[in-house]
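Enquirer: Pasting final07.csv here (CSV, C-alpha atoms):
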```
chain,number,residue,atom,x,y,z
R,17,MET,CA,58.9,46.0,189.2
R,18,ASP,CA,60.8,47.2,192.2
R,19,LYS,CA,59.7,46.0,195.6
R,20,GLY,CA,57.2,48.3,197.2
R,21,SER,CA,56.6,50.3,193.9
R,22,THR,CA,53.1,51.1,192.7
R,23,LEU,CA,51.8,48.5,190.3
R,24,SER,CA,51.3,50.2,186.9
R,25,VAL,CA,51.7,50.0,183.2
R,26,ILE,CA,54.7,51.6,181.5
R,27,ASN,CA,54.9,52.7,177.8
R,28,LEU,CA,57.1,50.9,175.3
R,29,SER,CA,59.0,54.2,174.9
R,30,ASP,CA,60.0,53.8,178.6
R,31,LEU,CA,61.8,50.5,177.8
R,32,ILE,CA,64.6,52.0,175.6
R,33,ASP,CA,67.3,51.1,178.3
R,34,LYS,CA,68.4,47.5,178.1
R,35,ASP,CA,67.3,45.2,181.0
R,36,LYS,CA,64.6,47.6,182.2
R,37,GLN,CA,61.5,45.7,183.3
R,38,GLY,CA,57.9,46.5,183.7
R,39,ILE,CA,54.3,45.7,182.7
R,40,VAL,CA,53.1,46.7,179.3
R,41,CYS,CA,49.7,46.9,177.7
R,42,VAL,CA,50.2,46.4,174.0
R,43,THR,CA,48.3,45.3,170.8
R,44,ILE,CA,49.7,42.4,168.7
R,45,ALA,CA,50.1,43.7,165.2
R,46,ARG,CA,51.8,40.7,163.6
R,47,ILE,CA,52.8,37.1,164.6
R,48,GLY,CA,56.0,35.6,163.2
R,49,GLU,CA,56.8,32.0,162.4
R,50,PRO,CA,58.7,29.8,165.0
R,51,ARG,CA,62.4,30.3,165.2
R,52,VAL,CA,65.3,28.5,167.0
R,53,GLY,CA,68.2,30.3,168.6
R,54,VAL,CA,71.5,29.4,167.1
R,55,VAL,CA,73.3,28.9,170.4
R,56,SER,CA,70.6,28.4,173.0
R,57,LYS,CA,68.4,26.3,170.7
R,58,TRP,CA,65.5,28.2,172.3
R,59,LYS,CA,62.3,27.9,170.1
R,60,TYR,CA,60.5,31.2,170.1
R,61,ARG,CA,58.4,33.6,168.1
R,62,GLU,CA,58.7,37.4,167.4
R,63,LEU,CA,55.5,39.3,167.7
R,64,SER,CA,55.2,42.9,166.3
R,65,ILE,CA,53.6,44.9,169.1
R,66,LYS,CA,52.6,48.6,169.7
R,67,ASP,CA,51.0,51.0,172.1
R,68,GLY,CA,50.4,54.7,172.0
R,69,SER,CA,54.0,55.6,172.4
R,70,LYS,CA,56.1,53.2,170.2
R,71,GLU,CA,56.2,50.0,168.2
R,72,GLY,CA,58.5,47.1,169.0
R,73,VAL,CA,59.2,43.3,168.8
R,74,LEU,CA,58.2,40.9,171.6
R,75,GLN,CA,60.1,37.6,171.8
R,76,ILE,CA,58.2,34.8,173.5
R,77,GLY,CA,58.8,31.1,173.8
R,78,ASP,CA,56.8,29.1,171.2
R,79,ASP,CA,55.3,26.8,173.9
R,80,ARG,CA,54.1,29.8,175.9
R,81,PHE,CA,52.7,31.5,172.8
R,82,LEU,CA,50.7,28.4,171.9
R,83,ALA,CA,49.4,28.0,175.5
R,84,LEU,CA,48.2,31.6,175.6
R,85,LYS,CA,46.5,31.3,172.1
R,86,LEU,CA,47.6,34.8,171.2
R,87,LYS,CA,45.9,36.4,168.1
R,88,ILE,CA,46.5,39.5,165.9
R,89,ASN,CA,44.9,42.7,167.2
R,90,GLU,CA,44.6,41.2,170.7
R,91,LEU,CA,45.3,43.5,173.6
R,92,VAL,CA,47.6,41.9,176.2
R,93,LEU,CA,49.1,42.7,179.6
R,94,PHE,CA,52.6,41.2,180.0
R,95,HIS,CA,55.6,41.4,182.3
R,96,VAL,CA,58.6,42.1,180.1
R,97,ARG,CA,62.3,42.9,180.1
R,98,SER,CA,63.9,45.2,177.5
R,99,ARG,CA,66.7,44.0,175.2
R,100,GLY,CA,67.2,47.6,174.1
R,101,LEU,CA,67.3,49.1,170.6
R,102,ASN,CA,69.0,47.4,167.6
R,103,GLY,CA,71.1,49.2,165.0
R,104,GLU,CA,67.9,50.3,163.2
R,105,GLY,CA,66.3,51.8,166.3
R,106,LYS,CA,63.8,49.0,166.7
R,107,LEU,CA,62.9,48.1,170.3
R,108,THR,CA,63.1,44.4,171.3
R,109,ILE,CA,61.6,43.1,174.6
R,110,LEU,CA,61.5,39.7,176.1
R,111,PHE,CA,58.3,38.1,177.5
R,112,GLN,CA,58.6,37.1,181.1
R,113,ARG,CA,55.0,36.2,182.1
R,114,GLU,CA,51.4,37.3,181.6
R,115,ALA,CA,49.9,39.6,184.3
R,116,SER,CA,47.6,37.9,186.7
R,117,SER,CA,44.0,38.8,187.1
R,118,THR,CA,44.7,40.4,190.5
R,119,GLU,CA,47.4,42.6,188.9
R,120,ALA,CA,45.1,43.6,186.0
R,121,ALA,CA,42.4,44.5,188.5
R,122,THR,CA,44.8,46.6,190.6
R,123,ILE,CA,46.1,48.5,187.5
R,124,VAL,CA,42.5,49.2,186.3
R,125,SER,CA,41.6,50.4,189.8
R,126,THR,CA,44.7,52.7,189.9
R,127,LEU,CA,43.9,54.2,186.5
R,128,LEU,CA,40.3,54.9,187.5
R,129,GLN,CA,41.5,56.7,190.6
R,130,ASP,CA,44.0,58.7,188.5
R,131,ILE,CA,41.2,59.7,186.0
R,132,SER,CA,39.0,60.8,188.8
R,133,SER,CA,41.8,62.9,190.3
R,134,LEU,CA,42.5,64.6,187.0
R,135,ARG,CA,38.9,65.5,186.5
R,136,MET,CA,38.7,67.0,189.9
R,137,ALA,CA,41.9,69.0,189.2
R,138,LYS,CA,40.6,70.3,185.9
R,139,ARG,CA,37.6,71.7,187.7
R,140,LYS,CA,39.8,73.6,190.2
R,141,ILE,CA,42.5,74.8,187.8
R,142,LYS,CA,41.8,77.1,184.9
R,143,GLN,CA,43.7,75.7,181.9
R,144,GLY,CA,46.0,78.1,180.1
R,145,PRO,CA,47.6,77.7,176.7
R,146,THR,CA,50.1,74.8,176.2
R,147,VAL,CA,53.7,76.0,176.2
R,148,TRP,CA,55.7,73.6,174.0
R,149,PRO,CA,59.3,73.4,175.4
R,150,PHE,CA,62.6,73.6,173.6
R,151,HIS,CA,65.6,72.6,175.6
R,152,SER,CA,68.8,70.5,175.0
R,153,ARG,CA,67.0,67.3,174.1
R,154,GLU,CA,64.7,69.0,171.6
R,155,ALA,CA,67.7,70.8,170.1
R,156,ARG,CA,69.7,67.6,169.7
R,157,SER,CA,66.7,65.7,168.2
R,158,LEU,CA,66.0,68.6,165.8
R,159,LEU,CA,69.6,68.5,164.6
R,160,ARG,CA,69.3,64.7,163.9
R,161,LEU,CA,66.1,65.3,162.0
R,162,VAL,CA,67.6,68.0,159.9
R,163,LYS,CA,70.7,65.9,159.1
R,164,ASN,CA,68.8,62.8,158.2
R,165,TYR,CA,66.2,64.7,156.2
R,166,LEU,CA,68.8,66.5,154.1
R,167,LYS,CA,70.8,63.4,153.5
R,168,ASP,CA,67.9,61.1,152.6
R,169,LYS,CA,65.7,63.8,150.9
R,170,GLN,CA,62.6,62.3,152.5
R,171,PRO,CA,60.5,62.5,155.7
R,172,GLN,CA,62.0,60.8,158.8
R,173,HIS,CA,60.3,58.5,161.3
R,174,TYR,CA,60.6,59.9,164.8
R,175,HIS,CA,62.7,57.1,166.1
R,176,LYS,CA,65.5,58.1,163.8
R,177,PHE,CA,65.9,61.5,165.5
R,178,SER,CA,64.4,60.8,168.9
R,179,VAL,CA,63.9,57.7,171.1
R,180,ASP,CA,61.1,59.5,172.9
R,181,GLN,CA,58.0,60.2,170.9
R,182,PHE,CA,57.1,63.1,173.2
R,183,VAL,CA,60.1,65.0,172.0
R,184,ALA,CA,58.7,64.8,168.4
R,185,GLN,CA,55.3,66.0,169.8
R,186,ASP,CA,57.0,68.9,171.5
R,187,LEU,CA,58.8,69.9,168.3
R,188,TYR,CA,55.6,69.5,166.3
R,189,GLY,CA,53.5,71.4,168.8
R,190,ALA,CA,55.9,74.3,168.7
R,191,GLY,CA,55.8,74.4,164.9
R,192,TRP,CA,59.5,73.5,164.4
R,193,ILE,CA,58.6,70.3,162.3
R,194,LYS,CA,55.8,69.2,160.0
R,195,ARG,CA,54.1,65.9,160.2
R,196,MET,CA,53.9,64.3,156.7
R,197,ASP,CA,52.1,61.1,157.7
R,198,LYS,CA,51.9,58.8,160.7
R,199,GLY,CA,55.1,59.2,162.7
R,200,ARG,CA,57.1,60.8,159.9
R,201,TYR,CA,58.3,64.4,159.9
R,202,ILE,CA,60.3,67.1,158.1
R,203,PRO,CA,61.9,70.3,159.5
R,204,THR,CA,60.2,73.6,158.6
R,205,ASP,CA,61.9,76.2,156.3
R,206,GLU,CA,62.0,78.5,159.4
R,207,VAL,CA,64.1,75.9,161.2
R,208,LEU,CA,66.5,75.3,158.3
R,209,SER,CA,67.0,79.1,158.0
R,210,LYS,CA,67.5,79.6,161.8
R,211,ILE,CA,70.1,76.8,162.0
R,212,ARG,CA,71.9,78.0,158.9
R,213,GLN,CA,72.1,81.6,160.2
R,214,ASN,CA,72.9,80.4,163.8
R,215,GLU,CA,69.8,82.3,165.1
R,216,THR,CA,68.3,81.7,168.6
R,217,PHE,CA,65.3,79.5,169.6
R,218,PRO,CA,62.9,80.4,172.4
R,219,SER,CA,62.8,77.9,175.3
R,220,GLY,CA,59.0,77.9,175.0
R,221,ARG,CA,56.4,78.5,172.2
R,222,ILE,CA,52.6,78.6,172.1
R,223,ARG,CA,50.5,77.3,169.2
R,224,GLU,CA,47.3,79.3,168.5
R,225,ILE,CA,44.5,78.0,166.2
R,226,THR,CA,42.3,80.8,164.8
R,227,GLU,CA,39.8,81.0,162.0
R,228,SER,CA,42.6,82.1,159.7
R,229,GLY,CA,44.8,79.2,160.6
R,230,VAL,CA,47.6,78.2,162.9
R,231,SER,CA,50.1,80.8,164.3
R,232,PHE,CA,52.9,80.7,166.9
R,233,GLN,CA,54.2,83.0,169.5
R,234,ASP,CA,57.1,82.8,171.9
R,235,SER,CA,56.2,82.1,175.5
R,236,PRO,CA,56.2,85.4,177.6
R,237,ASN,CA,58.8,83.9,179.9
R,238,ALA,CA,61.0,82.3,177.2
R,239,THR,CA,64.8,82.5,177.2
R,240,TYR,CA,66.7,82.5,173.9
R,241,LYS,CA,69.8,80.4,172.9
R,242,THR,CA,71.3,79.2,169.7
R,243,ILE,CA,71.3,75.4,169.1
R,244,GLN,CA,74.9,75.2,170.0
R,245,GLU,CA,74.2,76.9,173.4
R,246,TYR,CA,71.5,74.5,174.1
R,247,LEU,CA,73.8,71.6,173.4
R,248,ASN,CA,76.4,72.9,175.8
R,249,SER,CA,74.1,71.9,178.7
R,250,GLU,CA,73.8,68.3,177.5
R,251,THR,CA,75.2,65.6,179.8
R,252,ASP,CA,77.4,64.4,176.9
R,253,ALA,CA,78.0,67.9,175.4
R,254,GLU,CA,81.1,66.9,173.5
R,255,THR,CA,79.2,64.2,171.4
R,256,ALA,CA,76.3,66.6,171.0
R,257,LEU,CA,78.5,69.3,169.6
R,258,GLU,CA,80.1,66.8,167.2
R,259,GLU,CA,76.6,66.1,165.9
R,260,PHE,CA,76.1,69.9,165.5
R,261,LYS,CA,79.2,70.2,163.4
R,262,GLU,CA,78.1,67.3,161.2
R,263,THR,CA,74.7,68.8,160.7
R,264,MET,CA,76.1,72.2,159.8
R,265,GLN,CA,78.3,70.6,157.2
R,266,VAL,CA,75.3,68.9,155.7
R,267,ILE,CA,73.0,72.0,155.8
R,268,HIS,CA,75.6,74.2,154.1
R,269,GLN,CA,76.2,71.6,151.4
R,270,ASP,CA,72.5,71.5,150.6
```
The structure given in the file should be rewritten as structure tokens.

Expert:
Amino acid sequence: MDKGSTLSVINLSDLIDKDKQGIVCVTIARIGEPRVGVVSKWKYRELSIKDGSKEGVLQIGDDRFLALKLKINELVLFHVRSRGLNGEGKLTILFQREASSTEAATIVSTLLQDISSLRMAKRKIKQGPTVWPFHSREARSLLRLVKNYLKDKQPQHYHKFSVDQFVAQDLYGAGWIKRMDKGRYIPTDEVLSKIRQNETFPSGRIREITESGVSFQDSPNATYKTIQEYLNSETDAETALEEFKETMQVIHQD
């Protein structure tokens, strides 16, 4: 945590960047056997962990693991440092120390204040329909999903086409992708047709649920661009456009 920053919990999905630090609140899903580092000779364990945003692996010294008496399905509050993603897109983080009781109390107090503020805001602001965005990051993630889906011929887990689960939620909310099971998606026929024909995508879309089913309409203030035009605004536009070419080759071969 930076000096002077507000004490708060961050999501696992916020720890994609290597060496980023923070406090996480995660559930232990699996406990591995003791291991010994080849070079460092450090004896440690790998714990499979998860929160509402992502799954990952926590590396913790075996002596600290035994001292804390950690168990499967236990909810823990730890200070950690990210080791980034491996080649398979799996997040690995390093245990630093458990959060103190004072830190835990501060975090709970802050969350209760935030909840109270949100409730007050909802009373004052009339909620309109949710507009699901479509910008350069959604365009690039959608391309990756299409390419991997057509190559593998099976649904794709969100981390293969986006490091941020919220991008997958945006694409799903707008009806551009279908959820097949937990965390696994496929592109819709509409998306495949739009990309193949180089048609435009609206910058915002609204999902409507009626008695007859789910329907979608473009946001009244939407702008329209092709996938390629969205990618031109990427920070690394050159790499993004290379991915576009690769995806187009795959989609036209299908």

Enquirer: So, with all atoms listed in the file as the atoms that count, which of R:Gln181, R:Gln75, R:Ser209, R:Thr216 lies closest to Gly48 of chain R?

Expert: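 Comparing R:Gln181, R:Gln75, R:Ser209, R:Thr216 against Gly48 of chain R, the winner is R:Gln75.
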
Enquirer: Rounded to one decimal place, report the atom CA of Arg97 of chain R-atom CA of Arg113 of chain R distance in Å.

Expert: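 Separating atom CA of Arg97 of chain R from atom CA of Arg113 of chain R is a distance of 10.1 Å.
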
Enquirer: Determine the nearest neighbour of Pro218 of chain R from the options R:Asp130, R:Asp205, R:Asp197, R:Glu245, counting all atoms listed in the file.

Expert: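 Using all atoms listed in the file, the shortest distance to Pro218 of chain R belongs to R:Glu245.
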
Enquirer: R:Lys70, R:Lys194, R:Arg212, R:Arg221: which is nearest Leu31 of chain R, counting all atoms listed in the file?

Expert: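 Nearest candidate to Leu31 of chain R out of R:Lys70, R:Lys194, R:Arg212, R:Arg221: R:Lys70.
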
Enquirer: Determine the nearest neighbour of Ser116 of chain R from the options R:Ala190, R:Val147, R:Ile222, R:Leu23, counting only C-alpha atoms.

Expert: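 Answer, going by the shortest atom-to-atom distance: R:Leu23.
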
Enquirer: Set the distance at 8 Å and use all atoms listed in the file: which residues neighbour segment 66-68 of chain R once local chain neighbours fewer than 2 positions away are removed? I'd like the list as a compact mmCIF listing (two decimals) with C-alpha atoms, in the coordinates of the input.

Expert:
```
# COMPACT_ATOMS: atom_id res chain seq x y z
CA ASN R 27 54.90 52.70 177.80
CA LEU R 28 57.10 50.90 175.30
CA CYS R 41 49.70 46.90 177.70
CA VAL R 42 50.20 46.40 174.00
CA THR R 43 48.30 45.30 170.80
CA ILE R 44 49.70 42.40 168.70
CA ALA R 45 50.10 43.70 165.20
CA SER R 64 55.20 42.90 166.30
CA LYS R 70 56.10 53.20 170.20
CA GLU R 71 56.20 50.00 168.20
CA GLY R 72 58.50 47.10 169.00
```

Enquirer: Between atom CA of Glu250 of chain R and atom CA of Ser152 of chain R, what is the spacing in Å?

Expert: 6.0 Å

Enquirer: Distance atom CA of Lys169 of chain R-atom CA of Gly105 of chain R, one decimal place?

Expert: 19.5 Å

Enquirer: Taking only C-alpha atoms into account, name the residue in R:Lys34, R:Trp192, R:Phe260, R:Leu63 that is nearest to Ser231 of chain R.

Expert: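 So, comparing all the options, the nearest one is R:Trp192.
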
Enquirer: Measuring atom to atom with all atoms listed in the file, identify which of R:Ser157, R:Asn164, R:Gln170, R:Thr126 is nearest to Tyr246 of chain R.

Expert: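 Using all atoms listed in the file, Tyr246 of chain R sits closest to R:Ser157.
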
Enquirer: Within 10 Å of (75.1, 68.3, 157.6), only C-alpha atoms: residues as a list in words?

Expert: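 In the file's frame, the residues around the point are Leu159, Arg160, Val162, Lys163, Asn164, Tyr165, Leu166, Lys167, Glu259, Phe260, Lys261, Glu262, Thr263, Met264, Gln265, Val266, Ile267, His268, Gln269 and Asp270 of chain R.
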
Enquirer: Step by step: start from the point (60.7, 67.0, 158.0) in the file's coordinates, keep every protein, DNA or RNA residue that has an atom no farther than 6 Å from it, count only C-alpha atoms, and write the set as a list in words.

Expert: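 Within the cut-off we find Pro171, Ile193, Lys194, Tyr201, Ile202 and Pro203 of chain R.
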
Enquirer: Name all residues at most 12 Å from Gly103 of chain R (count only C-alpha atoms; drop same-chain ones fewer than 3 positions away) and give them as a ChimeraX atom specification.

Expert: /R:100,106-108,175-176

Enquirer: Pick out the residues sitting within 10 Å of Ile123 of chain R, and hand them over as number ranges by chain; count only C-alpha atoms, and ignore anything fewer than 4 positions along from it in its own chain.

Expert: R: 22-25, 39, 117-119, 127-129
